[in-house]
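Enquirer: Here you go, this is query.txt (compact mmCIF, C-alpha atoms and all ligand atoms).
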# COMPACT_ATOMS: atom_id res chain seq x y z
CA MET A 181 37.31 20.13 -81.50
CA SER A 182 40.78 19.68 -82.82
CA ILE A 183 43.70 21.76 -81.68
CA ASP A 184 46.30 23.19 -84.02
CA TRP A 185 49.58 22.32 -82.28
CA THR A 186 51.69 24.67 -84.42
CA PRO A 187 52.19 27.22 -81.58
CA LEU A 188 53.68 24.46 -79.40
CA SER A 189 55.92 23.10 -82.13
CA SER A 190 57.20 26.59 -82.98
CA LEU A 191 58.10 27.19 -79.33
CA ILE A 192 59.95 23.85 -79.34
CA GLU A 193 61.81 24.89 -82.48
CA THR A 194 62.76 28.27 -81.06
CA TYR A 195 63.56 27.72 -77.37
CA ASN A 196 65.47 25.26 -75.23
CA LYS A 197 64.62 25.81 -71.54
CA PHE A 198 61.06 24.95 -70.52
CA VAL A 199 59.16 24.91 -67.26
CA VAL A 200 55.96 22.90 -66.86
CA THR A 201 53.44 23.58 -64.10
CA THR A 202 49.93 22.66 -63.03
CA HIS A 203 47.25 23.60 -60.49
CA VAL A 204 47.13 23.66 -56.71
CA ARG A 205 46.06 20.42 -54.99
CA PRO A 206 47.09 18.50 -58.13
CA ASP A 207 45.02 15.49 -59.16
CA GLY A 208 45.76 12.56 -61.44
CA ASP A 209 45.16 14.58 -64.59
CA ALA A 210 47.36 17.46 -63.44
CA LEU A 211 50.30 15.26 -62.54
CA GLY A 212 49.81 12.60 -65.20
CA SER A 213 49.60 15.13 -68.02
CA SER A 214 52.74 16.81 -66.60
CA VAL A 215 54.60 13.50 -66.84
CA GLY A 216 53.49 13.24 -70.46
CA MET A 217 54.43 16.81 -71.32
CA VAL A 218 57.86 16.60 -69.66
CA GLY A 219 58.50 13.37 -71.59
CA LEU A 220 57.40 14.97 -74.85
CA LEU A 221 59.68 17.98 -74.38
CA ARG A 222 62.66 15.91 -73.24
CA GLN A 223 62.32 13.71 -76.32
CA LYS A 224 62.57 16.88 -78.35
CA GLY A 225 65.91 17.47 -76.61
CA LYS A 226 64.62 20.22 -74.32
CA ASP A 227 65.84 21.14 -70.86
CA VAL A 228 62.67 20.82 -68.76
CA ARG A 229 61.77 21.41 -65.13
CA ALA A 230 58.37 20.53 -63.63
CA VAL A 231 57.61 22.99 -60.84
CA ASN A 232 54.39 22.88 -58.84
CA THR A 233 52.82 25.07 -56.22
CA SER A 234 51.70 22.01 -54.21
CA ARG A 235 53.68 18.96 -53.20
CA THR A 236 52.91 15.67 -54.95
CA PRO A 237 50.31 13.74 -52.91
CA PRO A 238 51.71 10.36 -51.72
CA ARG A 239 49.01 8.62 -53.77
CA TYR A 240 50.71 9.83 -56.96
CA ASP A 241 54.33 9.18 -55.95
CA TYR A 242 54.53 6.41 -58.56
CA LEU A 243 54.38 9.08 -61.26
CA ASP A 244 57.71 10.38 -59.95
CA PRO A 245 59.48 7.18 -58.86
CA THR A 246 62.84 8.85 -58.24
CA GLY A 247 61.32 11.92 -56.58
CA THR A 248 63.31 14.14 -58.91
CA LEU A 249 60.66 15.08 -61.48
CA PHE A 250 58.34 17.38 -59.54
CA GLU A 251 59.93 20.33 -57.78
CA HIS A 252 58.09 22.31 -55.12
CA PHE A 253 57.90 26.05 -55.70
CA GLY A 254 59.22 27.98 -52.73
CA THR A 255 61.16 25.14 -51.11
CA THR A 256 63.04 22.81 -53.47
CA VAL A 257 63.11 25.49 -56.14
CA THR A 258 63.11 29.28 -55.82
CA PRO A 259 62.16 31.92 -58.39
CA GLU A 260 65.90 32.70 -58.73
CA ASP A 261 66.55 29.11 -59.82
CA LEU A 262 64.07 29.62 -62.65
CA THR A 263 65.42 32.82 -64.19
CA ASP A 264 66.93 30.87 -67.11
CA ARG A 265 63.54 29.39 -68.13
CA GLN A 266 62.37 30.62 -71.55
CA VAL A 267 58.94 29.02 -72.01
CA LEU A 268 56.20 28.27 -69.50
CA VAL A 269 53.78 25.41 -70.15
CA ILE A 270 50.70 25.44 -67.90
CA LEU A 271 48.58 22.29 -67.73
CA ASP A 272 45.01 21.56 -66.65
CA LEU A 273 44.03 25.04 -65.48
CA SER A 274 42.83 28.33 -66.95
CA SER A 275 42.41 30.58 -63.94
CA TRP A 276 44.74 32.62 -61.75
CA GLY A 277 43.21 31.19 -58.60
CA GLN A 278 44.31 27.68 -59.58
CA LEU A 279 47.96 28.76 -59.64
CA GLY A 280 48.02 29.42 -55.90
CA GLU A 281 51.34 30.79 -54.65
CA MET A 282 52.83 30.62 -58.14
CA ALA A 283 50.38 33.16 -59.59
CA ASP A 284 52.65 36.18 -59.07
CA TRP A 285 55.63 34.38 -60.54
CA VAL A 286 53.55 33.35 -63.57
CA ARG A 287 52.29 36.92 -63.96
CA ALA A 288 55.88 38.15 -64.05
CA PHE A 289 57.21 35.37 -66.32
CA PRO A 290 58.90 37.24 -69.18
CA GLY A 291 58.80 34.55 -71.88
CA PRO A 292 55.98 33.02 -73.91
CA ARG A 293 53.48 30.91 -72.01
CA VAL A 294 51.08 28.31 -73.29
CA VAL A 295 48.08 26.75 -71.55
CA ILE A 296 46.96 23.22 -72.45
CA ASP A 297 43.60 22.63 -70.81
CA HIS A 298 40.04 21.34 -70.98
CA HIS A 299 38.27 23.53 -68.38
CA VAL A 300 35.36 25.74 -69.43
CA SER A 301 36.11 28.79 -67.31
CA GLN A 302 38.99 30.92 -68.49
CA ASP A 303 40.91 33.94 -67.19
CA ASP A 304 43.19 36.00 -69.40
CA LEU A 305 46.47 34.42 -68.36
CA GLY A 306 48.36 36.26 -71.08
CA ALA A 307 48.97 32.89 -72.70
CA THR A 308 48.39 31.04 -75.95
CA PHE A 309 45.50 28.68 -75.17
CA LEU A 310 45.63 25.20 -76.66
CA LYS A 311 42.25 24.23 -75.38
CA ASP A 312 39.50 21.72 -76.02
CA THR A 313 36.65 21.84 -73.51
CA SER A 314 35.16 18.68 -75.01
CA ALA A 315 38.25 16.66 -74.05
CA GLU A 316 37.80 14.38 -71.05
CA ALA A 317 41.24 15.19 -69.64
CA THR A 318 44.28 17.34 -70.22
CA GLY A 319 46.07 14.00 -70.54
CA THR A 320 44.08 13.40 -73.71
CA LEU A 321 45.35 16.67 -75.16
CA VAL A 322 48.96 15.87 -74.29
CA THR A 323 48.54 12.46 -75.92
CA ARG A 324 47.26 14.22 -79.04
CA ALA A 325 50.17 16.68 -78.92
CA ALA A 326 52.64 13.79 -78.73
CA ARG A 327 51.00 12.22 -81.76
CA ALA A 328 50.95 15.52 -83.69
CA LEU A 329 54.61 16.19 -82.90
CA ASN A 330 55.72 12.64 -83.76
CA VAL A 331 56.87 11.86 -80.25
CA GLU A 332 57.08 8.22 -79.22
CA ILE A 333 55.09 7.62 -76.03
CA THR A 334 57.36 5.85 -73.54
CA PRO A 335 55.99 3.50 -70.83
CA ALA A 336 56.53 6.24 -68.21
CA MET A 337 54.64 8.79 -70.33
CA ALA A 338 51.89 6.23 -71.02
CA THR A 339 51.55 5.57 -67.27
CA GLY A 340 51.13 9.29 -66.60
CA LEU A 341 48.71 9.88 -69.46
CA PHE A 342 46.64 6.78 -68.62
CA THR A 343 46.40 7.96 -64.99
CA ALA A 344 45.31 11.39 -66.20
CA ILE A 345 42.49 10.05 -68.36
CA ALA A 346 41.41 7.33 -65.92
CA MET A 347 41.10 9.80 -63.03
CA ASP A 348 39.29 12.52 -64.98
CA THR A 349 36.73 10.03 -66.31
CA GLY A 350 36.21 8.30 -62.94
CA TRP A 351 37.89 5.23 -64.42
CA PHE A 352 35.73 5.42 -67.53
CA HIS A 353 32.28 5.75 -66.03
CA HIS A 354 31.64 9.50 -66.15
CA PRO A 355 29.56 10.82 -69.09
CA ASN A 356 32.72 12.33 -70.60
CA THR A 357 33.89 8.80 -71.49
CA THR A 358 33.50 8.20 -75.23
CA PRO A 359 34.56 5.53 -77.71
CA GLN A 360 37.45 7.85 -78.51
CA THR A 361 38.49 7.84 -74.83
CA LEU A 362 38.83 4.08 -75.00
CA ARG A 363 40.79 4.27 -78.26
CA THR A 364 43.17 6.75 -76.68
CA VAL A 365 43.75 4.62 -73.60
CA ALA A 366 44.11 1.50 -75.74
CA GLU A 367 46.97 3.29 -77.43
CA LEU A 368 48.47 4.13 -74.04
CA VAL A 369 48.20 0.52 -72.91
CA GLU A 370 50.00 -0.52 -76.09
CA ALA A 371 52.66 2.04 -75.22
CA GLY A 372 53.25 0.42 -71.83
CA ALA A 373 50.61 1.65 -69.34
CA LYS A 374 49.67 -1.26 -67.07
CA ILE A 375 46.02 -0.98 -66.04
CA ASP A 376 46.15 -3.43 -63.13
CA GLU A 377 49.29 -1.92 -61.69
CA ILE A 378 48.05 1.67 -61.97
CA TYR A 379 44.73 0.74 -60.36
CA ARG A 380 46.50 -0.99 -57.50
CA LEU A 381 48.87 1.95 -56.96
CA LEU A 382 45.96 4.39 -56.87
CA SER A 383 43.36 2.44 -54.97
CA GLU A 384 45.06 -0.14 -52.80
CA ARG A 385 47.55 1.99 -50.95
CA ASN A 386 45.12 3.74 -48.61
CA THR A 387 46.26 4.98 -45.24
CA LEU A 388 44.27 4.33 -42.08
CA GLY A 389 43.82 8.11 -41.85
CA ARG A 390 42.15 8.25 -45.24
CA LEU A 391 39.75 5.42 -44.44
CA LYS A 392 38.88 6.97 -41.07
CA MET A 393 38.24 10.30 -42.80
CA MET A 394 36.02 8.54 -45.35
CA GLY A 395 34.10 6.78 -42.59
CA GLU A 396 33.53 9.96 -40.60
CA THR A 397 32.55 11.99 -43.63
CA LEU A 398 30.08 9.37 -44.80
CA SER A 399 28.48 9.06 -41.39
CA SER A 400 28.03 12.82 -41.22
CA LEU A 401 26.32 13.10 -44.64
CA LYS A 402 23.19 15.23 -44.66
CA THR A 403 20.48 15.72 -47.25
CA ASP A 404 18.41 18.73 -48.24
CA LEU A 405 15.55 19.53 -50.60
CA ASP A 406 13.77 16.19 -50.14
CA GLY A 407 16.92 14.21 -50.70
CA ARG A 408 17.94 15.91 -53.94
CA ILE A 409 21.01 17.48 -52.36
CA ALA A 410 23.56 15.55 -50.29
CA TYR A 411 26.43 17.24 -48.52
CA ALA A 412 29.12 16.83 -45.92
CA ALA A 413 31.59 19.12 -44.23
CA VAL A 414 35.17 18.36 -43.23
CA SER A 415 36.84 20.55 -40.60
CA ARG A 416 40.50 21.03 -39.70
CA GLU A 417 39.77 19.14 -36.53
CA ASP A 418 38.57 16.14 -38.58
CA PHE A 419 42.00 15.98 -40.22
CA GLU A 420 43.77 16.09 -36.87
CA ARG A 421 41.56 13.47 -35.28
CA THR A 422 41.67 10.99 -38.18
CA GLY A 423 45.28 11.58 -39.21
CA ALA A 424 44.19 12.15 -42.83
CA ILE A 425 46.00 14.64 -45.06
CA PRO A 426 44.25 17.07 -47.44
CA PRO A 427 44.78 14.97 -50.62
CA ASP A 428 42.97 12.09 -48.87
CA THR A 429 39.67 13.87 -49.56
CA GLU A 430 40.29 13.94 -53.34
CA ASP A 431 37.36 11.79 -54.47
CA LEU A 432 35.21 11.81 -51.32
CA VAL A 433 32.65 14.08 -52.97
CA ASP A 434 31.75 11.32 -55.42
CA PHE A 435 29.98 9.42 -52.61
CA THR A 436 27.48 12.27 -52.27
CA VAL A 437 26.03 11.66 -55.71
CA SER A 438 26.07 7.90 -55.26
CA ILE A 439 22.90 8.12 -53.14
CA ARG A 440 19.66 7.25 -54.89
CA GLY A 441 17.65 10.35 -55.76
CA VAL A 442 20.49 12.82 -55.24
CA ASP A 443 20.89 15.36 -58.03
CA VAL A 444 23.63 17.48 -56.52
CA GLY A 445 26.39 16.51 -54.12
CA LEU A 446 28.55 18.96 -52.18
CA LEU A 447 31.65 18.61 -50.08
CA PHE A 448 32.91 21.47 -47.94
CA ILE A 449 36.49 21.29 -46.73
CA GLU A 450 37.97 23.77 -44.28
CA GLN A 451 41.35 24.97 -45.56
CA PRO A 452 44.49 25.26 -43.44
CA ARG A 453 44.78 28.99 -44.13
CA GLY A 454 41.09 29.72 -43.70
CA GLY A 455 38.23 29.60 -46.15
CA ILE A 456 36.31 26.64 -47.48
CA LYS A 457 37.05 24.51 -50.53
CA LEU A 458 33.75 23.55 -52.15
CA SER A 459 33.42 20.58 -54.52
CA VAL A 460 30.22 20.14 -56.54
CA ARG A 461 28.99 17.12 -58.47
CA SER A 462 25.70 16.80 -60.37
CA ARG A 463 23.75 13.94 -61.85
CA ASN A 464 20.72 15.64 -63.38
CA GLY A 465 22.28 18.04 -65.84
CA LEU A 466 22.72 20.93 -63.41
CA ASP A 467 25.75 22.89 -64.61
CA CYS A 468 28.27 22.65 -61.75
CA SER A 469 30.69 25.01 -63.46
CA LYS A 470 28.02 27.72 -63.55
CA LEU A 471 27.16 27.15 -59.92
CA ALA A 472 30.82 27.24 -58.89
CA SER A 473 31.36 30.45 -60.83
CA VAL A 474 28.86 32.20 -58.52
CA PHE A 475 31.48 31.62 -55.82
CA GLY A 476 34.46 32.55 -57.97
CA GLY A 477 35.31 28.98 -59.00
CA GLY A 478 34.84 26.88 -62.11
CA GLY A 479 35.32 23.48 -63.69
CA HIS A 480 33.12 21.26 -65.80
CA LYS A 481 29.39 20.64 -66.24
CA ALA A 482 29.26 17.57 -63.99
CA ALA A 483 32.12 18.47 -61.63
CA ALA A 484 33.40 21.80 -60.39
CA GLY A 485 34.83 23.59 -57.39
CA ALA A 486 35.37 26.92 -55.71
CA THR A 487 37.04 28.39 -52.65
CA LEU A 488 34.87 30.51 -50.35
CA PRO A 489 36.39 33.00 -47.92
CA ASP A 490 33.64 32.39 -45.34
CA PRO A 491 33.74 30.24 -42.23
CA MET A 492 32.00 26.86 -42.52
CA SER A 493 28.92 28.07 -40.63
CA ASP A 494 28.26 30.69 -43.36
CA ALA A 495 29.55 28.78 -46.40
CA VAL A 496 27.19 25.80 -46.03
CA PRO A 497 23.86 27.70 -45.87
CA LYS A 498 25.00 30.12 -48.57
CA VAL A 499 25.84 27.34 -51.03
CA LEU A 500 22.77 25.29 -50.14
CA GLN A 501 20.60 28.31 -50.92
CA ALA A 502 22.28 28.72 -54.32
CA VAL A 503 21.84 25.03 -55.14
CA ARG A 504 18.17 25.06 -54.12
CA ALA A 505 17.65 28.06 -56.40
CA ALA A 506 19.51 26.38 -59.25
CA LEU A 507 17.36 23.27 -58.87
CA GLY A 508 14.35 25.51 -59.27
CA SER A 509 12.70 25.42 -55.88
MN MN B 601 41.65 17.77 -65.78
Would you kindly transcribe this structure into structure tokens?
Expert:
Amino acid sequence: MSIDWTPLSSLIETYNKFVVTTHVRPDGDALGSSVGMVGLLRQKGKDVRAVNTSRTPPRYDYLDPTGTLFEHFGTTVTPEDLTDRQVLVILDLSSWGQLGEMADWVRAFPGPRVVIDHHVSQDDLGATFLKDTSAEATGTLVTRAARALNVEITPAMATGLFTAIAMDTGWFHHPNTTPQTLRTVAELVEAGAKIDEIYRLLSERNTLGRLKMMGETLSSLKTDLDGRIAYAAVSREDFERTGAIPPDTEDLVDFTVSIRGVDVGLLFIEQPRGGIKLSVRSRNGLDCSKLASVFGGGGHKAAAGATLPDPMSDAVPKVLQAVRAALGS
């Protein structure tokens, strides 16, 4: 699928003040593609602010080395501060739920809004969608936009965009990794992304809390349906006891599908304000996005998520039942 970038270039021609945002609990693709998009717009001479509903997880602080790029909605920036913004660029999401506390502000945003995304599920966000669900990452789409708009990719942009693609492909081992993925990242490495440095920043700056959380979650793993389903649950108390913070669980779910014979892996995480965040991974072709949509979520075929309003004791059996049914038992 190729995207016609004309709507974006016309907005750039017409307006000057942009705001870029991404989803709650931002991951490498969310933040990395934001770095790329802010760089693209600034090179076009635009006044840009990057405002997010969640704070930047410490793991990704290298994407904002001066701490001045990402602003936190509600604390470091208020809706009043944003009244001069003319265009809203939304990255890596297509659903209201993913906007968290910024949803109402987005709903009321008076100017044009554009969504650049690769997720399958889609709400009517009242936006122009620049979307390619076959793309491995939103970072890929921003890289393509930079190319289409004749923007030179700086080392900082390349670092963000490389991070985006590396994280959304599991560092190039998920099935969404294609020869074209490698060509794109080769281009980013030529533009100044340093693979060894980015890997070290992402993977060798663990906290003790994160490792303790990993250890506890792994030792509490359970299986179901003759070992075809593996799952674990993380409670608020687990965070307190281990000293981990919510972003520390970002890729924990991947361990569930690393067990031999497991088709579907689930991670249930109790949220600070109640409800359960569910992450789903599959290895046998089960459509995770379809499964997540049963619970009001979405995502991709091999990886998806949802937030359930139930307590843990209800959420786990409910989801297990749906997965068993989806696996045809
Ligand atoms: Mn993504």
Enquirer: Excluding same-chain residues fewer than 4 positions from Gly407 of chain A, what lies within 8 Å of it counting all atoms listed in the file, as a list in words?
Expert: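 Residues near the query, excluding close chain neighbours: Thr403, Gly441 and Val442 of chain A.
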Enquirer: Take every atom of segment 343-346 of chain A listed in the file, fit an axis-aligned box around them, add 4 Å per side, and give the centre and edge lengths in Å to one decimal as AutoDock Vina command-line options.
Expert:
--center_x 43.9 --center_y 9.4 --center_z -66.7 --size_x 13.0 --size_y 12.1 --size_z 11.4
Enquirer: As a quick test: using only C-alpha atoms and all ligand atoms, which residues lie no more than 7 Å away from ligand MN 601 (chain B)? Give them as an MDAnalysis selection string.
Expert: chainID A and resid 209:210 272 298 317:318 348
Enquirer: Could you tell me how far atom CA of Asp494 of chain A sits from atom CA of Ala410 of chain A, in Å to one decimal place?
Expert: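 Between these atoms lies a distance of 17.3 Å.
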Enquirer: Leaving out Gln451 of chain A and any residue of its chain fewer than 3 positions from it, which residues lie within 12 Å of it when counting all atoms listed in the file, given as a list in words?
Expert: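 Those residues are Arg205, Ala413, Val414, Ser415, Arg416, Glu417, Asp418, Phe419, Ile425, Pro426, Pro427, Thr429, Phe448, Gly454, Gly455, Ile456, Lys457, Leu458, Ala486, Thr487, Leu488, Pro489, Asp490, Pro491 and Met492 of chain A.
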Enquirer: Go ahead and compute the interatomic distance for atom CA of Leu447 of chain A and atom CA of Leu271 of chain A, in Å to one decimal.
Expert: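 It comes out at 24.7 Å.
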